[in-house]
>>> print(open('upload-v9.txt').read())   # compact mmCIF, N, CA and C atoms and all ligand atoms
# COMPACT_ATOMS: atom_id res chain seq x y z
N MET E 4 13.83 -24.01 -20.68
CA MET E 4 13.00 -23.56 -19.55
C MET E 4 13.80 -22.59 -18.69
N THR E 5 13.32 -21.40 -18.56
CA THR E 5 13.99 -20.44 -17.69
C THR E 5 13.21 -20.27 -16.41
N GLN E 6 13.80 -20.80 -15.39
CA GLN E 6 13.14 -20.77 -14.10
C GLN E 6 13.86 -19.78 -13.18
N LYS E 7 13.11 -18.87 -12.62
CA LYS E 7 13.72 -17.91 -11.68
C LYS E 7 13.86 -18.56 -10.32
N ARG E 8 15.09 -18.61 -9.87
CA ARG E 8 15.32 -19.24 -8.58
C ARG E 8 15.95 -18.27 -7.59
N ALA E 9 15.13 -17.73 -6.74
CA ALA E 9 15.65 -16.89 -5.65
C ALA E 9 16.00 -17.84 -4.51
N THR E 10 17.10 -18.47 -4.70
CA THR E 10 17.41 -19.65 -3.90
C THR E 10 18.49 -19.41 -2.87
N TRP E 11 18.89 -20.50 -2.24
CA TRP E 11 19.97 -20.40 -1.26
C TRP E 11 21.26 -19.96 -1.92
N GLN E 12 21.39 -20.27 -3.23
CA GLN E 12 22.60 -19.85 -3.94
C GLN E 12 22.72 -18.34 -3.94
N LYS E 13 21.61 -17.69 -4.27
CA LYS E 13 21.60 -16.23 -4.35
C LYS E 13 21.86 -15.63 -2.96
N THR E 14 21.23 -16.23 -1.96
CA THR E 14 21.43 -15.77 -0.59
C THR E 14 22.89 -15.94 -0.18
N ALA E 15 23.47 -17.06 -0.55
CA ALA E 15 24.87 -17.32 -0.20
C ALA E 15 25.80 -16.31 -0.86
N VAL E 16 25.51 -16.00 -2.12
CA VAL E 16 26.32 -15.02 -2.84
C VAL E 16 26.18 -13.65 -2.19
N PHE E 17 24.95 -13.30 -1.85
CA PHE E 17 24.72 -11.99 -1.21
C PHE E 17 25.46 -11.91 0.12
N ASP E 18 25.35 -12.95 0.92
CA ASP E 18 26.01 -12.96 2.23
C ASP E 18 27.53 -12.85 2.09
N ALA E 19 28.06 -13.59 1.13
CA ALA E 19 29.52 -13.57 0.93
C ALA E 19 29.97 -12.18 0.48
N LEU E 20 29.21 -11.60 -0.43
CA LEU E 20 29.56 -10.27 -0.94
C LEU E 20 29.44 -9.23 0.17
N ASN E 21 28.46 -9.42 1.00
CA ASN E 21 28.20 -8.49 2.11
C ASN E 21 29.37 -8.44 3.09
N GLN E 22 30.15 -9.51 3.12
CA GLN E 22 31.29 -9.57 4.04
C GLN E 22 32.55 -8.96 3.46
N GLU E 23 32.48 -8.60 2.17
CA GLU E 23 33.66 -8.05 1.51
C GLU E 23 33.66 -6.53 1.60
N PRO E 24 34.68 -5.95 2.20
CA PRO E 24 34.74 -4.49 2.27
C PRO E 24 35.19 -3.88 0.95
N VAL E 25 35.79 -4.71 0.09
CA VAL E 25 36.34 -4.18 -1.16
C VAL E 25 35.60 -4.77 -2.36
N PHE E 26 35.79 -4.16 -3.51
CA PHE E 26 35.23 -4.69 -4.74
C PHE E 26 35.91 -6.01 -5.08
N VAL E 27 35.12 -7.05 -5.36
CA VAL E 27 35.69 -8.35 -5.71
C VAL E 27 35.10 -8.83 -7.03
N SER E 28 35.88 -9.63 -7.73
CA SER E 28 35.40 -10.22 -8.98
C SER E 28 34.59 -11.47 -8.66
N ALA E 29 33.82 -11.92 -9.64
CA ALA E 29 33.02 -13.13 -9.46
C ALA E 29 33.92 -14.32 -9.12
N GLN E 30 35.09 -14.36 -9.76
CA GLN E 30 36.03 -15.47 -9.50
C GLN E 30 36.52 -15.46 -8.06
N GLU E 31 36.87 -14.25 -7.57
CA GLU E 31 37.36 -14.15 -6.19
C GLU E 31 36.27 -14.57 -5.21
N LEU E 32 35.04 -14.11 -5.49
CA LEU E 32 33.93 -14.45 -4.62
C LEU E 32 33.65 -15.96 -4.67
N HIS E 33 33.75 -16.50 -5.85
CA HIS E 33 33.55 -17.93 -6.04
C HIS E 33 34.55 -18.73 -5.20
N GLN E 34 35.82 -18.30 -5.22
CA GLN E 34 36.85 -18.97 -4.41
C GLN E 34 36.50 -18.95 -2.92
N LYS E 35 36.00 -17.79 -2.46
CA LYS E 35 35.65 -17.68 -1.04
C LYS E 35 34.49 -18.60 -0.68
N LEU E 36 33.51 -18.68 -1.59
CA LEU E 36 32.36 -19.54 -1.36
C LEU E 36 32.78 -21.01 -1.30
N ILE E 37 33.67 -21.38 -2.20
CA ILE E 37 34.18 -22.76 -2.21
C ILE E 37 34.93 -23.02 -0.89
N GLY E 38 35.72 -22.03 -0.49
CA GLY E 38 36.47 -22.13 0.77
C GLY E 38 35.55 -22.27 1.97
N ALA E 39 34.34 -21.71 1.85
CA ALA E 39 33.38 -21.78 2.94
C ALA E 39 32.43 -22.97 2.77
N GLU E 40 32.87 -23.93 1.96
CA GLU E 40 32.11 -25.17 1.77
C GLU E 40 30.76 -24.97 1.08
N LYS E 41 30.63 -23.85 0.36
CA LYS E 41 29.41 -23.62 -0.40
C LYS E 41 29.65 -24.12 -1.82
N LYS E 42 28.90 -25.14 -2.19
CA LYS E 42 29.12 -25.75 -3.49
C LYS E 42 28.32 -25.04 -4.58
N LEU E 43 28.95 -24.00 -5.11
CA LEU E 43 28.32 -23.20 -6.15
C LEU E 43 29.21 -23.19 -7.38
N GLY E 44 28.60 -23.25 -8.54
CA GLY E 44 29.35 -23.12 -9.78
C GLY E 44 29.63 -21.65 -10.06
N LEU E 45 30.68 -21.41 -10.81
CA LEU E 45 31.03 -20.03 -11.15
C LEU E 45 29.90 -19.34 -11.93
N THR E 46 29.26 -20.09 -12.80
CA THR E 46 28.14 -19.55 -13.58
C THR E 46 27.01 -19.09 -12.68
N THR E 47 26.74 -19.87 -11.65
CA THR E 47 25.69 -19.51 -10.69
C THR E 47 26.05 -18.23 -9.95
N VAL E 48 27.34 -18.11 -9.60
CA VAL E 48 27.80 -16.91 -8.92
C VAL E 48 27.62 -15.69 -9.83
N TYR E 49 28.01 -15.84 -11.09
CA TYR E 49 27.82 -14.75 -12.06
C TYR E 49 26.36 -14.35 -12.16
N ARG E 50 25.49 -15.36 -12.27
CA ARG E 50 24.07 -15.08 -12.44
C ARG E 50 23.50 -14.37 -11.22
N ALA E 51 23.88 -14.86 -10.05
CA ALA E 51 23.39 -14.25 -8.82
C ALA E 51 23.86 -12.80 -8.70
N LEU E 52 25.12 -12.57 -9.06
CA LEU E 52 25.66 -11.21 -8.99
C LEU E 52 24.91 -10.28 -9.94
N THR E 53 24.65 -10.78 -11.15
CA THR E 53 23.91 -9.98 -12.13
C THR E 53 22.53 -9.62 -11.60
N GLU E 54 21.88 -10.59 -10.98
CA GLU E 54 20.54 -10.33 -10.43
C GLU E 54 20.60 -9.33 -9.29
N LEU E 55 21.61 -9.42 -8.45
CA LEU E 55 21.76 -8.46 -7.34
C LEU E 55 21.96 -7.05 -7.87
N VAL E 56 22.75 -6.93 -8.94
CA VAL E 56 23.00 -5.62 -9.53
C VAL E 56 21.71 -5.07 -10.15
N GLU E 57 20.99 -5.95 -10.87
CA GLU E 57 19.73 -5.52 -11.50
C GLU E 57 18.72 -5.09 -10.46
N ALA E 58 18.76 -5.72 -9.29
CA ALA E 58 17.83 -5.38 -8.22
C ALA E 58 18.31 -4.16 -7.43
N GLY E 59 19.46 -3.64 -7.80
CA GLY E 59 19.98 -2.47 -7.11
C GLY E 59 20.59 -2.78 -5.75
N GLN E 60 20.84 -4.06 -5.48
CA GLN E 60 21.38 -4.44 -4.18
C GLN E 60 22.90 -4.41 -4.14
N ALA E 61 23.50 -4.46 -5.31
CA ALA E 61 24.96 -4.44 -5.38
C ALA E 61 25.41 -3.49 -6.48
N ASP E 62 26.61 -2.96 -6.33
CA ASP E 62 27.20 -2.12 -7.37
C ASP E 62 28.17 -2.96 -8.18
N ALA E 63 28.22 -2.69 -9.46
CA ALA E 63 29.18 -3.37 -10.33
C ALA E 63 29.98 -2.33 -11.07
N LEU E 64 31.24 -2.59 -11.28
CA LEU E 64 32.03 -1.70 -12.13
C LEU E 64 33.13 -2.48 -12.81
N ALA E 65 33.47 -2.03 -13.99
CA ALA E 65 34.53 -2.68 -14.75
C ALA E 65 35.85 -2.04 -14.36
N GLY E 66 36.79 -2.87 -13.95
CA GLY E 66 38.11 -2.37 -13.60
C GLY E 66 38.88 -2.01 -14.85
N GLU E 67 40.07 -1.49 -14.67
CA GLU E 67 40.87 -1.09 -15.80
C GLU E 67 41.32 -2.29 -16.62
N ASP E 68 41.26 -3.47 -16.00
CA ASP E 68 41.58 -4.70 -16.74
C ASP E 68 40.36 -5.25 -17.46
N GLY E 69 39.22 -4.54 -17.35
CA GLY E 69 38.01 -4.96 -18.04
C GLY E 69 37.17 -5.96 -17.27
N GLU E 70 37.68 -6.44 -16.15
CA GLU E 70 36.92 -7.42 -15.37
C GLU E 70 35.91 -6.71 -14.46
N MET E 71 34.70 -7.29 -14.38
CA MET E 71 33.67 -6.72 -13.52
C MET E 71 33.95 -7.06 -12.07
N ARG E 72 33.75 -6.08 -11.20
CA ARG E 72 33.88 -6.32 -9.77
C ARG E 72 32.64 -5.81 -9.06
N TYR E 73 32.36 -6.40 -7.92
CA TYR E 73 31.10 -6.16 -7.26
C TYR E 73 31.27 -5.79 -5.79
N ARG E 74 30.34 -4.98 -5.30
CA ARG E 74 30.34 -4.65 -3.88
C ARG E 74 28.94 -4.22 -3.47
N ILE E 75 28.64 -4.45 -2.21
CA ILE E 75 27.39 -3.94 -1.67
C ILE E 75 27.70 -2.61 -1.01
N CYS E 76 27.10 -1.56 -1.55
CA CYS E 76 27.40 -0.20 -1.11
C CYS E 76 26.20 0.40 -0.38
N SER E 77 26.31 1.67 -0.08
CA SER E 77 25.19 2.36 0.52
C SER E 77 24.12 2.60 -0.55
N ASP E 78 22.90 2.86 -0.09
CA ASP E 78 21.79 3.06 -1.03
C ASP E 78 21.85 4.41 -1.73
N GLU E 79 22.52 5.34 -1.09
CA GLU E 79 22.60 6.69 -1.64
C GLU E 79 23.34 6.70 -2.98
N HIS E 80 23.00 7.67 -3.81
CA HIS E 80 23.73 7.85 -5.05
C HIS E 80 25.17 8.24 -4.71
N HIS E 81 26.12 7.57 -5.32
CA HIS E 81 27.53 7.87 -5.01
C HIS E 81 28.45 7.48 -6.16
N HIS E 82 29.68 7.89 -6.04
CA HIS E 82 30.71 7.52 -6.99
C HIS E 82 31.78 6.76 -6.24
N HIS E 83 32.70 6.16 -6.98
CA HIS E 83 33.74 5.35 -6.35
C HIS E 83 35.13 5.86 -6.65
N LEU E 84 35.97 5.77 -5.66
CA LEU E 84 37.40 5.97 -5.82
C LEU E 84 38.00 4.62 -5.45
N ILE E 85 38.55 3.93 -6.44
CA ILE E 85 38.93 2.52 -6.25
C ILE E 85 40.44 2.34 -6.36
N CYS E 86 40.98 1.53 -5.45
CA CYS E 86 42.39 1.19 -5.52
C CYS E 86 42.58 0.07 -6.54
N ARG E 87 43.43 0.31 -7.53
CA ARG E 87 43.60 -0.71 -8.57
C ARG E 87 44.45 -1.88 -8.08
N GLU E 88 45.06 -1.75 -6.92
CA GLU E 88 45.84 -2.85 -6.36
C GLU E 88 44.96 -3.81 -5.56
N CYS E 89 44.21 -3.27 -4.61
CA CYS E 89 43.51 -4.13 -3.65
C CYS E 89 42.00 -4.06 -3.73
N GLY E 90 41.45 -3.15 -4.52
CA GLY E 90 40.00 -3.08 -4.67
C GLY E 90 39.29 -2.28 -3.60
N THR E 91 40.05 -1.72 -2.65
CA THR E 91 39.46 -0.84 -1.65
C THR E 91 38.73 0.29 -2.36
N ALA E 92 37.54 0.65 -1.88
CA ALA E 92 36.81 1.72 -2.54
C ALA E 92 36.27 2.71 -1.53
N GLU E 93 36.41 3.97 -1.85
CA GLU E 93 35.78 5.02 -1.07
C GLU E 93 34.57 5.49 -1.86
N GLU E 94 33.48 5.76 -1.14
CA GLU E 94 32.30 6.33 -1.80
C GLU E 94 32.35 7.84 -1.62
N PHE E 95 31.99 8.55 -2.65
CA PHE E 95 31.92 10.00 -2.51
C PHE E 95 30.81 10.55 -3.39
N ASP E 96 30.38 11.73 -3.08
CA ASP E 96 29.44 12.40 -3.98
C ASP E 96 29.96 13.78 -4.31
N LEU E 97 29.43 14.33 -5.36
CA LEU E 97 29.89 15.62 -5.86
C LEU E 97 28.66 16.52 -5.93
N ASP E 98 28.38 17.18 -4.81
CA ASP E 98 27.15 17.97 -4.71
C ASP E 98 26.96 18.94 -5.87
N GLY E 99 27.96 19.75 -6.12
CA GLY E 99 27.84 20.75 -7.18
C GLY E 99 27.65 20.10 -8.54
N PHE E 100 28.35 19.02 -8.75
CA PHE E 100 28.30 18.32 -10.02
C PHE E 100 26.90 17.77 -10.30
N GLU E 101 26.30 17.17 -9.26
CA GLU E 101 24.96 16.59 -9.43
C GLU E 101 23.96 17.66 -9.90
N ALA E 102 24.05 18.84 -9.29
CA ALA E 102 23.15 19.93 -9.65
C ALA E 102 23.41 20.38 -11.08
N GLU E 103 24.69 20.46 -11.46
CA GLU E 103 25.03 20.88 -12.82
C GLU E 103 24.53 19.90 -13.86
N VAL E 104 24.63 18.62 -13.54
CA VAL E 104 24.16 17.59 -14.46
C VAL E 104 22.66 17.74 -14.71
N SER E 105 21.91 17.98 -13.63
CA SER E 105 20.46 18.16 -13.77
C SER E 105 20.15 19.37 -14.65
N GLN E 106 20.88 20.45 -14.42
CA GLN E 106 20.66 21.66 -15.22
C GLN E 106 21.00 21.42 -16.68
N LEU E 107 22.10 20.74 -16.91
CA LEU E 107 22.54 20.45 -18.27
C LEU E 107 21.50 19.61 -19.00
N ALA E 108 21.01 18.57 -18.31
CA ALA E 108 20.01 17.69 -18.91
C ALA E 108 18.75 18.47 -19.25
N ALA E 109 18.32 19.33 -18.32
CA ALA E 109 17.11 20.13 -18.53
C ALA E 109 17.29 21.06 -19.72
N LYS E 110 18.48 21.64 -19.83
CA LYS E 110 18.78 22.58 -20.91
C LYS E 110 18.59 21.93 -22.28
N PHE E 111 18.99 20.66 -22.38
CA PHE E 111 18.86 19.97 -23.66
C PHE E 111 17.57 19.15 -23.76
N GLY E 112 16.72 19.29 -22.74
CA GLY E 112 15.45 18.59 -22.76
C GLY E 112 15.55 17.10 -22.55
N PHE E 113 16.62 16.66 -21.91
CA PHE E 113 16.77 15.24 -21.62
C PHE E 113 16.15 14.92 -20.27
N SER E 114 15.55 13.73 -20.20
CA SER E 114 15.07 13.25 -18.90
C SER E 114 15.68 11.89 -18.63
N LYS E 115 15.50 11.42 -17.42
CA LYS E 115 16.03 10.12 -16.99
C LYS E 115 17.53 9.97 -17.32
N VAL E 116 18.26 11.02 -17.06
CA VAL E 116 19.70 11.01 -17.34
C VAL E 116 20.43 10.32 -16.19
N SER E 117 21.33 9.45 -16.53
CA SER E 117 22.14 8.81 -15.49
C SER E 117 23.61 9.01 -15.82
N HIS E 118 24.44 8.84 -14.85
CA HIS E 118 25.87 8.96 -15.09
C HIS E 118 26.61 8.08 -14.11
N SER E 119 27.82 7.75 -14.43
CA SER E 119 28.64 7.06 -13.45
C SER E 119 30.07 7.57 -13.58
N ILE E 120 30.66 7.83 -12.47
CA ILE E 120 32.03 8.33 -12.45
C ILE E 120 32.84 7.46 -11.50
N GLU E 121 33.83 6.81 -12.05
CA GLU E 121 34.69 5.98 -11.21
C GLU E 121 36.12 6.49 -11.35
N LEU E 122 36.77 6.64 -10.23
CA LEU E 122 38.17 7.07 -10.24
C LEU E 122 39.04 5.92 -9.76
N PHE E 123 40.13 5.69 -10.46
CA PHE E 123 41.05 4.62 -10.08
C PHE E 123 42.37 5.22 -9.62
N GLY E 124 42.96 4.59 -8.60
CA GLY E 124 44.24 5.06 -8.11
C GLY E 124 44.87 4.00 -7.23
N ILE E 125 45.86 4.41 -6.47
CA ILE E 125 46.51 3.51 -5.52
C ILE E 125 46.21 4.05 -4.13
N CYS E 126 45.64 3.20 -3.27
CA CYS E 126 45.29 3.67 -1.94
C CYS E 126 46.54 3.88 -1.09
N LYS E 127 46.34 4.54 0.04
CA LYS E 127 47.45 4.89 0.92
C LYS E 127 48.24 3.66 1.34
N LYS E 128 47.49 2.63 1.74
CA LYS E 128 48.13 1.41 2.23
C LYS E 128 48.99 0.77 1.14
N CYS E 129 48.43 0.61 -0.07
CA CYS E 129 49.18 -0.02 -1.16
C CYS E 129 50.34 0.87 -1.60
N GLY E 130 50.15 2.18 -1.52
CA GLY E 130 51.20 3.12 -1.90
C GLY E 130 52.41 2.99 -0.98
N MET E 131 52.16 2.70 0.28
CA MET E 131 53.24 2.60 1.25
C MET E 131 54.01 1.29 1.13
N SER E 132 53.28 0.22 0.73
CA SER E 132 53.94 -1.09 0.66
C SER E 132 54.62 -1.31 -0.69
N ALA E 133 54.50 -0.33 -1.58
CA ALA E 133 55.11 -0.50 -2.92
C ALA E 133 56.64 -0.40 -2.84
ZN ZN E 201 28.97 1.80 -4.70
ZN ZN E 202 44.98 -0.57 -2.13
ZN ZN E 203 26.63 11.45 -9.32
>>> encode(input="upload-v9.txt", output="structure tokens")
Amino acid sequence: MTQKRATWQKTAVFDALNQEPVFVSAQELHQKLIGAEKKLGLTTVYRALTELVEAGQADALAGEDGEMRYRICSDEHHHHLICRECGTAEEFDLDGFEAEVSQLAAKFGFSKVSHSIELFGICKKCGMSA
């Protein structure tokens, strides 16, 4: 039986994620929820995160270690510049690039084209403490 539960668990996961300024993994978020006396299983956290991403409420990206990390970002289309040390992320857009992508897609007769560009590096703060 697959029952859709838009429950307090999902709300708790959303609220916890909303408080994170940086990209966090499901495990990290799970630890925070446990610390905040929210009794959620890791599987539930994963499921809630997946649903938030599917609903467009959260962004997900795979880090260089292959682990998925999540954040609630702005609604606008954007790309990420992520610190591989602490998960800090800057949002940016590439105006010229977006236009070129549309032209390229049109040229080859493609529609509904999507793209994602993530840049990884070391943020200023982590660079200084190294
Ligand atoms: Zn984002
Ligand atoms: Zn950093
Ligand atoms: Zn773009």
>>> residues_near_ligand(input="upload-v9.txt", ligand="ligand ZN 201 (chain E)", cutoff="10 Å", atoms="only C-alpha atoms and all ligand atoms", output="PDB file with N, CA and C atoms, keeping the file's coordinate frame")
ATOM      1  N   PHE E  26      35.790  -4.160  -3.510  1.00  0.00           N
ATOM      2  CA  PHE E  26      35.230  -4.690  -4.740  1.00  0.00           C
ATOM      3  C   PHE E  26      35.910  -6.010  -5.080  1.00  0.00           C
ATOM      4  N   GLN E  60      20.840  -4.060  -5.480  1.00  0.00           N
ATOM      5  CA  GLN E  60      21.380  -4.440  -4.180  1.00  0.00           C
ATOM      6  C   GLN E  60      22.900  -4.410  -4.140  1.00  0.00           C
ATOM      7  N   ALA E  61      23.500  -4.460  -5.310  1.00  0.00           N
ATOM      8  CA  ALA E  61      24.960  -4.440  -5.380  1.00  0.00           C
ATOM      9  C   ALA E  61      25.410  -3.490  -6.480  1.00  0.00           C
ATOM     10  N   ASP E  62      26.610  -2.960  -6.330  1.00  0.00           N
ATOM     11  CA  ASP E  62      27.200  -2.120  -7.370  1.00  0.00           C
ATOM     12  C   ASP E  62      28.170  -2.960  -8.180  1.00  0.00           C
ATOM     13  N   ALA E  63      28.220  -2.690  -9.460  1.00  0.00           N
ATOM     14  CA  ALA E  63      29.180  -3.370 -10.330  1.00  0.00           C
ATOM     15  C   ALA E  63      29.980  -2.330 -11.070  1.00  0.00           C
ATOM     16  N   LEU E  64      31.240  -2.590 -11.280  1.00  0.00           N
ATOM     17  CA  LEU E  64      32.030  -1.700 -12.130  1.00  0.00           C
ATOM     18  C   LEU E  64      33.130  -2.480 -12.810  1.00  0.00           C
ATOM     19  N   TYR E  73      32.360  -6.400  -7.920  1.00  0.00           N
ATOM     20  CA  TYR E  73      31.100  -6.160  -7.260  1.00  0.00           C
ATOM     21  C   TYR E  73      31.270  -5.790  -5.790  1.00  0.00           C
ATOM     22  N   ARG E  74      30.340  -4.980  -5.300  1.00  0.00           N
ATOM     23  CA  ARG E  74      30.340  -4.650  -3.880  1.00  0.00           C
ATOM     24  C   ARG E  74      28.940  -4.220  -3.470  1.00  0.00           C
ATOM     25  N   ILE E  75      28.640  -4.450  -2.210  1.00  0.00           N
ATOM     26  CA  ILE E  75      27.390  -3.940  -1.670  1.00  0.00           C
ATOM     27  C   ILE E  75      27.700  -2.610  -1.010  1.00  0.00           C
ATOM     28  N   CYS E  76      27.100  -1.560  -1.550  1.00  0.00           N
ATOM     29  CA  CYS E  76      27.400  -0.200  -1.110  1.00  0.00           C
ATOM     30  C   CYS E  76      26.200   0.400  -0.380  1.00  0.00           C
ATOM     31  N   SER E  77      26.310   1.670  -0.080  1.00  0.00           N
ATOM     32  CA  SER E  77      25.190   2.360   0.520  1.00  0.00           C
ATOM     33  C   SER E  77      24.120   2.600  -0.550  1.00  0.00           C
ATOM     34  N   ASP E  78      22.900   2.860  -0.090  1.00  0.00           N
ATOM     35  CA  ASP E  78      21.790   3.060  -1.030  1.00  0.00           C
ATOM     36  C   ASP E  78      21.850   4.410  -1.730  1.00  0.00           C
ATOM     37  N   GLU E  79      22.520   5.340  -1.090  1.00  0.00           N
ATOM     38  CA  GLU E  79      22.600   6.690  -1.640  1.00  0.00           C
ATOM     39  C   GLU E  79      23.340   6.700  -2.980  1.00  0.00           C
ATOM     40  N   HIS E  80      23.000   7.670  -3.810  1.00  0.00           N
ATOM     41  CA  HIS E  80      23.730   7.850  -5.050  1.00  0.00           C
ATOM     42  C   HIS E  80      25.170   8.240  -4.710  1.00  0.00           C
ATOM     43  N   HIS E  81      26.120   7.570  -5.320  1.00  0.00           N
ATOM     44  CA  HIS E  81      27.530   7.870  -5.010  1.00  0.00           C
ATOM     45  C   HIS E  81      28.450   7.480  -6.160  1.00  0.00           C
ATOM     46  N   HIS E  82      29.680   7.890  -6.040  1.00  0.00           N
ATOM     47  CA  HIS E  82      30.710   7.520  -6.990  1.00  0.00           C
ATOM     48  C   HIS E  82      31.780   6.760  -6.240  1.00  0.00           C
ATOM     49  N   HIS E  83      32.700   6.160  -6.980  1.00  0.00           N
ATOM     50  CA  HIS E  83      33.740   5.350  -6.350  1.00  0.00           C
ATOM     51  C   HIS E  83      35.130   5.860  -6.650  1.00  0.00           C
ATOM     52  N   LEU E  84      35.970   5.770  -5.660  1.00  0.00           N
ATOM     53  CA  LEU E  84      37.400   5.970  -5.820  1.00  0.00           C
ATOM     54  C   LEU E  84      38.000   4.620  -5.450  1.00  0.00           C
ATOM     55  N   ALA E  92      37.540   0.650  -1.880  1.00  0.00           N
ATOM     56  CA  ALA E  92      36.810   1.720  -2.540  1.00  0.00           C
ATOM     57  C   ALA E  92      36.270   2.710  -1.530  1.00  0.00           C
ATOM     58  N   GLU E  93      36.410   3.970  -1.850  1.00  0.00           N
ATOM     59  CA  GLU E  93      35.780   5.020  -1.070  1.00  0.00           C
ATOM     60  C   GLU E  93      34.570   5.490  -1.860  1.00  0.00           C
ATOM     61  N   GLU E  94      33.480   5.760  -1.140  1.00  0.00           N
ATOM     62  CA  GLU E  94      32.300   6.330  -1.800  1.00  0.00           C
ATOM     63  C   GLU E  94      32.350   7.840  -1.620  1.00  0.00           C
ATOM     64  N   PHE E  95      31.990   8.550  -2.650  1.00  0.00           N
ATOM     65  CA  PHE E  95      31.920  10.000  -2.510  1.00  0.00           C
ATOM     66  C   PHE E  95      30.810  10.550  -3.390  1.00  0.00           C
ATOM     67  N   GLU E 121      33.830   6.810 -12.050  1.00  0.00           N
ATOM     68  CA  GLU E 121      34.690   5.980 -11.210  1.00  0.00           C
ATOM     69  C   GLU E 121      36.120   6.490 -11.350  1.00  0.00           C
TER      70      GLU E 121
END
>>> axis_aligned_box(input="upload-v9.txt", around="stretch 65-81 of chain E", padding_each_side="8 Å", output="AutoDock Vina command-line options")
--center_x 31.7 --center_y 0.4 --center_z -8.8 --size_x 35.8 --size_y 31.7 --size_z 34.6
>>> closest_atom_pairs(input="upload-v9.txt", of="chain E", to="ligand ZN 202 (chain E)", cutoff="6 Å", atoms="only C-alpha atoms and all ligand atoms", output="Markdown table")
| residue | atom | partner | partner_atom | distance |
| --- | --- | --- | --- | --- |
| E:Cys86 | CA | E:ZN202 | ZN | 4.6 |
| E:Glu88 | CA | E:ZN202 | ZN | 4.9 |
| E:Cys89 | CA | E:ZN202 | ZN | 4.1 |
| E:Thr91 | CA | E:ZN202 | ZN | 5.5 |
| E:Ile125 | CA | E:ZN202 | ZN | 5.5 |
| E:Cys126 | CA | E:ZN202 | ZN | 4.3 |
| E:Lys128 | CA | E:ZN202 | ZN | 5.7 |
| E:Cys129 | CA | E:ZN202 | ZN | 4.3 |
>>> write_last_selection(input="upload-v9.txt", atoms="N, CA and C atoms", output="compact mmCIF listing (two decimals), keeping the file's coordinate frame")
# COMPACT_ATOMS: atom_id res chain seq x y z
N CYS E 86 40.98 1.53 -5.45
CA CYS E 86 42.39 1.19 -5.52
C CYS E 86 42.58 0.07 -6.54
N GLU E 88 45.06 -1.75 -6.92
CA GLU E 88 45.84 -2.85 -6.36
C GLU E 88 44.96 -3.81 -5.56
N CYS E 89 44.21 -3.27 -4.61
CA CYS E 89 43.51 -4.13 -3.65
C CYS E 89 42.00 -4.06 -3.73
N THR E 91 40.05 -1.72 -2.65
CA THR E 91 39.46 -0.84 -1.65
C THR E 91 38.73 0.29 -2.36
N ILE E 125 45.86 4.41 -6.47
CA ILE E 125 46.51 3.51 -5.52
C ILE E 125 46.21 4.05 -4.13
N CYS E 126 45.64 3.20 -3.27
CA CYS E 126 45.29 3.67 -1.94
C CYS E 126 46.54 3.88 -1.09
N LYS E 128 47.49 2.63 1.74
CA LYS E 128 48.13 1.41 2.23
C LYS E 128 48.99 0.77 1.14
N CYS E 129 48.43 0.61 -0.07
CA CYS E 129 49.18 -0.02 -1.16
C CYS E 129 50.34 0.87 -1.60
>>> residues_around(input="upload-v9.txt", residues="E:Ala29", least_positions_apart="6", cutoff="7 Å", atoms="only C-alpha atoms", output="number ranges by chain")
E: 48-49, 72
>>> select_by_dssp(input="upload-v9.txt", residues="chain E", states="strand (DSSP E)", output="PyMOL selection string")
chain E and resi 27-28+62-65+71-74+82-86+92-95+121-124
>>> residues_near_ligand(input="upload-v9.txt", ligand="ligand ZN 203 (chain E)", cutoff="9 Å", atoms="only C-alpha atoms and all ligand atoms", output="compact mmCIF listing (two decimals) with N, CA and C atoms, in the coordinates of the input")
# COMPACT_ATOMS: atom_id res chain seq x y z
N HIS E 80 23.00 7.67 -3.81
CA HIS E 80 23.73 7.85 -5.05
C HIS E 80 25.17 8.24 -4.71
N HIS E 81 26.12 7.57 -5.32
CA HIS E 81 27.53 7.87 -5.01
C HIS E 81 28.45 7.48 -6.16
N HIS E 82 29.68 7.89 -6.04
CA HIS E 82 30.71 7.52 -6.99
C HIS E 82 31.78 6.76 -6.24
N PHE E 95 31.99 8.55 -2.65
CA PHE E 95 31.92 10.00 -2.51
C PHE E 95 30.81 10.55 -3.39
N ASP E 96 30.38 11.73 -3.08
CA ASP E 96 29.44 12.40 -3.98
C ASP E 96 29.96 13.78 -4.31
N LEU E 97 29.43 14.33 -5.36
CA LEU E 97 29.89 15.62 -5.86
C LEU E 97 28.66 16.52 -5.93
N ASP E 98 28.38 17.18 -4.81
CA ASP E 98 27.15 17.97 -4.71
C ASP E 98 26.96 18.94 -5.87
N PHE E 100 28.35 19.02 -8.75
CA PHE E 100 28.30 18.32 -10.02
C PHE E 100 26.90 17.77 -10.30
N GLU E 101 26.30 17.17 -9.26
CA GLU E 101 24.96 16.59 -9.43
C GLU E 101 23.96 17.66 -9.90
N VAL E 104 24.63 18.62 -13.54
CA VAL E 104 24.16 17.59 -14.46
C VAL E 104 22.66 17.74 -14.71
N SER E 117 21.33 9.45 -16.53
CA SER E 117 22.14 8.81 -15.49
C SER E 117 23.61 9.01 -15.82
N HIS E 118 24.44 8.84 -14.85
CA HIS E 118 25.87 8.96 -15.09
C HIS E 118 26.61 8.08 -14.11
N SER E 119 27.82 7.75 -14.43
CA SER E 119 28.64 7.06 -13.45
C SER E 119 30.07 7.57 -13.58
N ILE E 120 30.66 7.83 -12.47
CA ILE E 120 32.03 8.33 -12.45
C ILE E 120 32.84 7.46 -11.50
>>> closest_residue(input="upload-v9.txt", among="E:Ser114, E:Ile85, E:Met71, E:Ala58", to="E:Ser28", atoms="all atoms listed in the file")
E:Met71
